[in-house]
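Raw contents of data_12.csv, CSV, C-alpha atoms:
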```csv
chain,number,residue,atom,x,y,z
X,1,GLN,CA,-67.4,-55.6,-31.6
X,2,LEU,CA,-65.3,-52.7,-33.0
X,3,ILE,CA,-61.6,-53.0,-33.6
X,4,ARG,CA,-59.5,-49.9,-34.1
X,5,GLN,CA,-56.9,-50.2,-36.8
X,6,ALA,CA,-53.6,-48.3,-36.4
X,7,ASP,CA,-53.7,-46.9,-39.9
X,8,GLY,CA,-57.3,-45.8,-39.6
X,9,GLY,CA,-58.3,-48.1,-42.4
X,10,ASN,CA,-61.7,-48.9,-40.9
X,11,SER,CA,-62.6,-45.3,-40.0
X,12,ILE,CA,-65.3,-43.3,-41.9
X,13,GLU,CA,-66.1,-39.6,-42.1
X,14,ILE,CA,-69.7,-38.3,-41.9
X,15,SER,CA,-70.6,-34.8,-43.1
X,16,ALA,CA,-72.8,-32.8,-40.8
X,17,GLY,CA,-73.5,-30.3,-43.5
X,18,LYS,CA,-71.7,-27.2,-44.7
X,19,ALA,CA,-69.9,-25.0,-42.1
X,20,LYS,CA,-71.1,-21.4,-42.2
X,21,ILE,CA,-68.9,-18.5,-42.8
X,22,TYR,CA,-70.5,-15.1,-42.1
X,23,TYR,CA,-68.9,-11.9,-43.3
X,24,SER,CA,-69.6,-8.2,-43.2
X,25,LEU,CA,-68.0,-5.2,-44.8
X,26,LEU,CA,-68.3,-1.8,-43.1
X,27,ASP,CA,-67.1,1.2,-45.0
X,28,LYS,CA,-66.2,4.5,-43.4
X,29,GLY,CA,-65.5,7.4,-45.6
X,30,GLY,CA,-65.4,11.2,-45.1
X,31,PHE,CA,-67.4,13.5,-47.3
X,32,LEU,CA,-64.3,15.3,-48.7
X,33,ARG,CA,-61.9,12.4,-48.7
X,34,LYS,CA,-60.6,10.7,-51.8
X,35,PHE,CA,-60.4,7.3,-50.0
X,36,LYS,CA,-62.7,5.2,-47.8
X,37,THR,CA,-61.7,2.6,-45.2
X,38,ILE,CA,-63.4,-0.8,-45.3
X,39,GLN,CA,-63.4,-3.1,-42.3
X,40,ILE,CA,-63.8,-6.8,-43.0
X,41,GLN,CA,-65.3,-9.0,-40.2
X,42,VAL,CA,-65.4,-12.8,-40.6
X,43,THR,CA,-67.2,-15.2,-38.3
X,44,THR,CA,-66.7,-18.9,-38.8
X,45,GLU,CA,-68.0,-22.0,-37.2
X,46,VAL,CA,-64.8,-23.9,-37.7
X,47,PRO,CA,-61.1,-22.9,-38.3
X,48,ILE,CA,-60.5,-22.0,-42.0
X,49,ALA,CA,-57.2,-22.0,-43.9
X,50,LYS,CA,-55.9,-18.8,-45.3
X,51,ASP,CA,-56.2,-20.0,-48.9
X,52,VAL,CA,-60.0,-20.7,-48.7
X,53,LEU,CA,-61.2,-17.1,-49.0
X,54,CYS,CA,-60.1,-14.0,-50.9
X,55,TYR,CA,-61.5,-10.6,-51.5
X,56,VAL,CA,-61.9,-8.8,-54.8
X,57,LYS,CA,-61.8,-5.1,-55.3
X,58,LYS,CA,-63.6,-3.5,-58.2
X,59,GLN,CA,-64.1,0.2,-59.2
X,60,GLY,CA,-67.6,1.4,-59.9
X,61,GLY,CA,-69.6,-1.5,-58.4
X,62,TYR,CA,-69.5,-4.7,-56.5
X,63,PRO,CA,-67.6,-7.6,-58.2
X,64,ALA,CA,-69.8,-10.4,-59.6
X,65,ASN,CA,-67.1,-13.1,-59.3
X,66,LYS,CA,-63.5,-13.5,-58.3
X,67,GLU,CA,-62.3,-12.6,-61.9
X,68,ASP,CA,-64.3,-9.4,-61.9
X,69,GLY,CA,-61.7,-7.2,-60.4
X,70,MET,CA,-58.4,-7.3,-58.5
X,71,LEU,CA,-58.1,-10.4,-56.3
X,72,TYR,CA,-56.3,-10.2,-52.9
X,73,PRO,CA,-55.5,-13.4,-50.9
X,74,PHE,CA,-55.6,-13.4,-47.1
X,75,VAL,CA,-52.3,-13.9,-45.3
X,76,ALA,CA,-53.4,-15.7,-42.1
X,77,PRO,CA,-55.9,-18.5,-41.4
X,78,PHE,CA,-59.2,-17.7,-39.7
X,79,PRO,CA,-59.8,-19.3,-36.2
X,80,ALA,CA,-63.3,-20.4,-35.3
X,81,GLY,CA,-65.3,-17.4,-34.1
X,82,LYS,CA,-65.2,-13.7,-34.9
X,83,THR,CA,-62.1,-12.2,-36.7
X,84,ILE,CA,-61.9,-8.5,-37.4
X,85,LEU,CA,-59.3,-7.8,-40.0
X,86,PRO,CA,-57.2,-4.7,-40.3
X,87,PRO,CA,-58.9,-1.9,-42.3
X,88,VAL,CA,-58.4,-1.7,-46.0
X,89,GLU,CA,-58.1,1.7,-47.6
X,90,VAL,CA,-59.6,1.9,-51.1
X,91,GLY,CA,-60.7,4.6,-53.6
X,92,LYS,CA,-64.1,6.3,-53.0
X,93,GLN,CA,-65.6,4.4,-56.1
X,94,ASP,CA,-64.1,1.0,-55.1
X,95,PHE,CA,-66.1,-1.9,-53.8
X,96,ILE,CA,-65.1,-5.1,-52.1
X,97,ARG,CA,-66.7,-8.6,-51.9
X,98,LEU,CA,-65.5,-11.9,-50.4
X,99,PHE,CA,-65.3,-15.1,-52.5
X,100,PHE,CA,-64.0,-18.6,-52.2
X,101,THR,CA,-60.6,-19.0,-54.0
X,102,ASP,CA,-61.9,-22.3,-55.4
X,103,GLY,CA,-65.7,-22.3,-55.4
X,104,ARG,CA,-66.0,-25.8,-56.7
X,105,THR,CA,-63.9,-27.3,-53.9
X,106,TYR,CA,-64.7,-25.1,-50.9
X,107,GLY,CA,-68.4,-24.6,-51.9
X,108,GLN,CA,-69.0,-28.2,-50.9
X,109,MET,CA,-67.6,-27.7,-47.4
X,110,TYR,CA,-68.5,-24.1,-46.5
X,111,GLU,CA,-71.4,-21.7,-47.0
X,112,LEU,CA,-70.4,-18.0,-47.5
X,113,ILE,CA,-73.0,-15.7,-46.1
X,114,SER,CA,-73.0,-11.9,-46.2
X,115,VAL,CA,-74.6,-10.2,-43.2
```

Take the structure I supplied and represent it as structure tokens, if you would.
Amino acid sequence: QLIRQADGGNSIEISAGKAKIYYSLLDKGGFLRKFKTIQIQVTTEVPIAKDVLCYVKKQGGYPANKEDGMLYPFVAPFPAGKTILPPVEVGKQDFIRLFFTDGRTYGQMYELISV
């Protein structure tokens, strides 16, 4: 017979695996323009706090890690489902990639997948 404790002392949590976070980056740039516009789309299985993800901008190539360029945090949490963020305008030679703000912590809970 199970007895529910008011303080939750007899409850347990079971992990069902890592929640998947899919993201895509679509860039739109004109031939004679100095800048290009990048549209970030994030699709999550579960709601995610704003401090879980960040994007990094680097000139000349894609950043290899979050210290390999200029880091930008997100300002709002991500609800479960598809989120299309406002476009980001960057230089023609700039590239963006998403990373976990703390890979050691959030890498155990989430899986970040580029599509």

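Close contacts of X:Phe35, defined as residues with an atom at most 10 Å away when counting all atoms listed in the file, with chain neighbours fewer than 6 positions off set aside, comprise Lys28, Gly29, Glu89, Val90, Gly91, Lys92, Gln93 and Asp94 of chain X.
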
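What separates atom CA of X:Tyr62 from atom CA of X:Tyr23 is a distance of 15.0 Å.
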
Non-local contacts of X:Phe78 (10 Å; only C-alpha atoms; under 5 positions in same chain excluded) as an mmCIF file with C-alpha atoms, in the frame of the given file:
```cif
data_model
loop_
_atom_site.group_PDB
_atom_site.id
_atom_site.type_symbol
_atom_site.label_atom_id
_atom_site.label_comp_id
_atom_site.auth_asym_id
_atom_site.auth_seq_id
_atom_site.Cartn_x
_atom_site.Cartn_y
_atom_site.Cartn_z
ATOM 1 C CA VAL X 42 -65.400 -12.800 -40.600
ATOM 2 C CA THR X 43 -67.200 -15.200 -38.300
ATOM 3 C CA THR X 44 -66.700 -18.900 -38.800
ATOM 4 C CA VAL X 46 -64.800 -23.900 -37.700
ATOM 5 C CA PRO X 47 -61.100 -22.900 -38.300
ATOM 6 C CA ILE X 48 -60.500 -22.000 -42.000
ATOM 7 C CA ALA X 49 -57.200 -22.000 -43.900
ATOM 8 C CA LYS X 50 -55.900 -18.800 -45.300
ATOM 9 C CA ASP X 51 -56.200 -20.000 -48.900
ATOM 10 C CA VAL X 52 -60.000 -20.700 -48.700
ATOM 11 C CA LEU X 53 -61.200 -17.100 -49.000
ATOM 12 C CA THR X 83 -62.100 -12.200 -36.700
ATOM 13 C CA ILE X 84 -61.900 -8.500 -37.400
ATOM 14 C CA LEU X 85 -59.300 -7.800 -40.000
#
```

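The space between atom CA of X:Leu26 and atom CA of X:Ile38 spans 5.5 Å.
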
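Here atom CA of X:Phe74 and atom CA of X:Lys34 stand 25.1 Å from one another.
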
Write out as a list in words which residues come within 10 Å of X:Asn65 when counting only C-alpha atoms, dropping same-chain ones fewer than 5 positions away.
Tyr55, Val56, Leu71, Arg97, Leu98, Phe99 and Phe100 of chain X

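Within 10 Å of stretch 102-109 of chain X, once only C-alpha atoms are used and residues closer than 5 positions along the same chain are dropped, the contacting residues are X:Ser15, X:Ala16, X:Gly17, X:Lys18, X:Ala19, X:Lys20, X:Asp51, X:Val52, X:Leu53, X:Cys54, X:Lys66.
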
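Using only C-alpha atoms, the smallest distance between any of X:Thr101, X:Ser24, X:Gln5, X:Ser11 and X:Val115 comes from X:Ser24.
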
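For the residues X:Ile21, X:Leu32, X:Ile40, X:Ile96, ranking by smallest atom-to-atom distance to X:Lys57 using only C-alpha atoms places X:Ile96 first.
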
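Closest to X:Asp27 among X:Ala6, X:Ala64, X:Met70, X:Val88 is X:Val88, based on all atoms listed in the file.
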
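Nearest to X:Tyr110 of all the residues X:Gly60, X:Gly69, X:Ala76, X:Glu45 is X:Glu45, counting only C-alpha atoms.
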
Will you model N, CA, C and O atoms for stretch 37-60 of chain X and pass it back as a PDB file, in the frame of the given file?
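Contents of result04.pdb, freshly written:
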```
ATOM      1  N   THR X  37     -62.326   3.724 -45.976  1.00  0.00           N
ATOM      2  CA  THR X  37     -61.700   2.600 -45.200  1.00  0.00           C
ATOM      3  C   THR X  37     -62.808   1.525 -45.103  1.00  0.00           C
ATOM      4  O   THR X  37     -63.927   1.810 -44.683  1.00  0.00           O
ATOM      5  N   ILE X  38     -62.452   0.297 -45.439  1.00  0.00           N
ATOM      6  CA  ILE X  38     -63.400  -0.800 -45.300  1.00  0.00           C
ATOM      7  C   ILE X  38     -62.858  -1.800 -44.273  1.00  0.00           C
ATOM      8  O   ILE X  38     -61.707  -2.219 -44.318  1.00  0.00           O
ATOM      9  N   GLN X  39     -63.731  -2.119 -43.330  1.00  0.00           N
ATOM     10  CA  GLN X  39     -63.400  -3.100 -42.300  1.00  0.00           C
ATOM     11  C   GLN X  39     -64.093  -4.390 -42.574  1.00  0.00           C
ATOM     12  O   GLN X  39     -65.300  -4.446 -42.749  1.00  0.00           O
ATOM     13  N   ILE X  40     -63.309  -5.469 -42.677  1.00  0.00           N
ATOM     14  CA  ILE X  40     -63.800  -6.800 -43.000  1.00  0.00           C
ATOM     15  C   ILE X  40     -63.922  -7.591 -41.670  1.00  0.00           C
ATOM     16  O   ILE X  40     -62.947  -7.671 -40.920  1.00  0.00           O
ATOM     17  N   GLN X  41     -65.097  -8.150 -41.416  1.00  0.00           N
ATOM     18  CA  GLN X  41     -65.300  -9.000 -40.200  1.00  0.00           C
ATOM     19  C   GLN X  41     -65.787 -10.354 -40.696  1.00  0.00           C
ATOM     20  O   GLN X  41     -66.743 -10.456 -41.458  1.00  0.00           O
ATOM     21  N   VAL X  42     -65.104 -11.410 -40.257  1.00  0.00           N
ATOM     22  CA  VAL X  42     -65.400 -12.800 -40.600  1.00  0.00           C
ATOM     23  C   VAL X  42     -65.725 -13.592 -39.387  1.00  0.00           C
ATOM     24  O   VAL X  42     -64.938 -13.577 -38.447  1.00  0.00           O
ATOM     25  N   THR X  43     -66.856 -14.286 -39.374  1.00  0.00           N
ATOM     26  CA  THR X  43     -67.200 -15.200 -38.300  1.00  0.00           C
ATOM     27  C   THR X  43     -67.414 -16.561 -38.819  1.00  0.00           C
ATOM     28  O   THR X  43     -68.223 -16.766 -39.723  1.00  0.00           O
ATOM     29  N   THR X  44     -66.660 -17.527 -38.283  1.00  0.00           N
ATOM     30  CA  THR X  44     -66.700 -18.900 -38.800  1.00  0.00           C
ATOM     31  C   THR X  44     -67.080 -19.875 -37.696  1.00  0.00           C
ATOM     32  O   THR X  44     -66.824 -19.639 -36.517  1.00  0.00           O
ATOM     33  N   GLU X  45     -67.681 -20.971 -38.096  1.00  0.00           N
ATOM     34  CA  GLU X  45     -68.000 -22.000 -37.200  1.00  0.00           C
ATOM     35  C   GLU X  45     -66.855 -22.954 -36.877  1.00  0.00           C
ATOM     36  O   GLU X  45     -66.777 -23.549 -35.813  1.00  0.00           O
ATOM     37  N   VAL X  46     -65.963 -23.076 -37.839  1.00  0.00           N
ATOM     38  CA  VAL X  46     -64.800 -23.900 -37.700  1.00  0.00           C
ATOM     39  C   VAL X  46     -63.558 -23.160 -38.188  1.00  0.00           C
ATOM     40  O   VAL X  46     -63.684 -22.185 -38.921  1.00  0.00           O
ATOM     41  N   PRO X  47     -62.346 -23.566 -37.787  1.00  0.00           N
ATOM     42  CA  PRO X  47     -61.100 -22.900 -38.300  1.00  0.00           C
ATOM     43  C   PRO X  47     -61.041 -23.062 -39.827  1.00  0.00           C
ATOM     44  O   PRO X  47     -61.390 -24.110 -40.370  1.00  0.00           O
ATOM     45  N   ILE X  48     -60.558 -22.014 -40.500  1.00  0.00           N
ATOM     46  CA  ILE X  48     -60.500 -22.000 -42.000  1.00  0.00           C
ATOM     47  C   ILE X  48     -59.062 -21.615 -42.378  1.00  0.00           C
ATOM     48  O   ILE X  48     -58.497 -20.654 -41.856  1.00  0.00           O
ATOM     49  N   ALA X  49     -58.504 -22.340 -43.336  1.00  0.00           N
ATOM     50  CA  ALA X  49     -57.200 -22.000 -43.900  1.00  0.00           C
ATOM     51  C   ALA X  49     -57.179 -20.693 -44.584  1.00  0.00           C
ATOM     52  O   ALA X  49     -58.215 -20.248 -45.094  1.00  0.00           O
ATOM     53  N   LYS X  50     -56.010 -20.075 -44.685  1.00  0.00           N
ATOM     54  CA  LYS X  50     -55.900 -18.800 -45.300  1.00  0.00           C
ATOM     55  C   LYS X  50     -56.207 -18.781 -46.808  1.00  0.00           C
ATOM     56  O   LYS X  50     -56.598 -17.774 -47.385  1.00  0.00           O
ATOM     57  N   ASP X  51     -56.042 -19.934 -47.466  1.00  0.00           N
ATOM     58  CA  ASP X  51     -56.200 -20.000 -48.900  1.00  0.00           C
ATOM     59  C   ASP X  51     -57.688 -20.331 -49.308  1.00  0.00           C
ATOM     60  O   ASP X  51     -57.972 -20.481 -50.488  1.00  0.00           O
ATOM     61  N   VAL X  52     -58.611 -20.407 -48.358  1.00  0.00           N
ATOM     62  CA  VAL X  52     -60.000 -20.700 -48.700  1.00  0.00           C
ATOM     63  C   VAL X  52     -60.726 -19.469 -49.204  1.00  0.00           C
ATOM     64  O   VAL X  52     -61.479 -19.531 -50.162  1.00  0.00           O
ATOM     65  N   LEU X  53     -60.462 -18.308 -48.595  1.00  0.00           N
ATOM     66  CA  LEU X  53     -61.200 -17.100 -49.000  1.00  0.00           C
ATOM     67  C   LEU X  53     -60.201 -16.064 -49.580  1.00  0.00           C
ATOM     68  O   LEU X  53     -58.990 -16.085 -49.340  1.00  0.00           O
ATOM     69  N   CYS X  54     -60.783 -15.173 -50.364  1.00  0.00           N
ATOM     70  CA  CYS X  54     -60.100 -14.000 -50.900  1.00  0.00           C
ATOM     71  C   CYS X  54     -61.048 -12.881 -51.004  1.00  0.00           C
ATOM     72  O   CYS X  54     -62.247 -13.086 -50.898  1.00  0.00           O
ATOM     73  N   TYR X  55     -60.540 -11.662 -51.188  1.00  0.00           N
ATOM     74  CA  TYR X  55     -61.500 -10.600 -51.500  1.00  0.00           C
ATOM     75  C   TYR X  55     -61.087  -9.944 -52.795  1.00  0.00           C
ATOM     76  O   TYR X  55     -59.938  -9.970 -53.219  1.00  0.00           O
ATOM     77  N   VAL X  56     -62.110  -9.417 -53.452  1.00  0.00           N
ATOM     78  CA  VAL X  56     -61.900  -8.800 -54.800  1.00  0.00           C
ATOM     79  C   VAL X  56     -62.380  -7.381 -54.716  1.00  0.00           C
ATOM     80  O   VAL X  56     -63.436  -7.060 -54.170  1.00  0.00           O
ATOM     81  N   LYS X  57     -61.545  -6.496 -55.258  1.00  0.00           N
ATOM     82  CA  LYS X  57     -61.800  -5.100 -55.300  1.00  0.00           C
ATOM     83  C   LYS X  57     -62.141  -4.670 -56.736  1.00  0.00           C
ATOM     84  O   LYS X  57     -61.426  -5.055 -57.659  1.00  0.00           O
ATOM     85  N   LYS X  58     -63.213  -3.908 -56.907  1.00  0.00           N
ATOM     86  CA  LYS X  58     -63.600  -3.500 -58.200  1.00  0.00           C
ATOM     87  C   LYS X  58     -64.040  -1.996 -58.155  1.00  0.00           C
ATOM     88  O   LYS X  58     -64.668  -1.588 -57.181  1.00  0.00           O
ATOM     89  N   GLN X  59     -63.729  -1.243 -59.193  1.00  0.00           N
ATOM     90  CA  GLN X  59     -64.100   0.200 -59.200  1.00  0.00           C
ATOM     91  C   GLN X  59     -65.481   0.298 -59.920  1.00  0.00           C
ATOM     92  O   GLN X  59     -65.734  -0.331 -60.946  1.00  0.00           O
ATOM     93  N   GLY X  60     -66.362   1.094 -59.323  1.00  0.00           N
ATOM     94  CA  GLY X  60     -67.600   1.400 -59.900  1.00  0.00           C
ATOM     95  C   GLY X  60     -68.802   0.523 -59.520  1.00  0.00           C
ATOM     96  O   GLY X  60     -69.946   0.832 -59.813  1.00  0.00           O
TER      97      GLY X  60
END
```
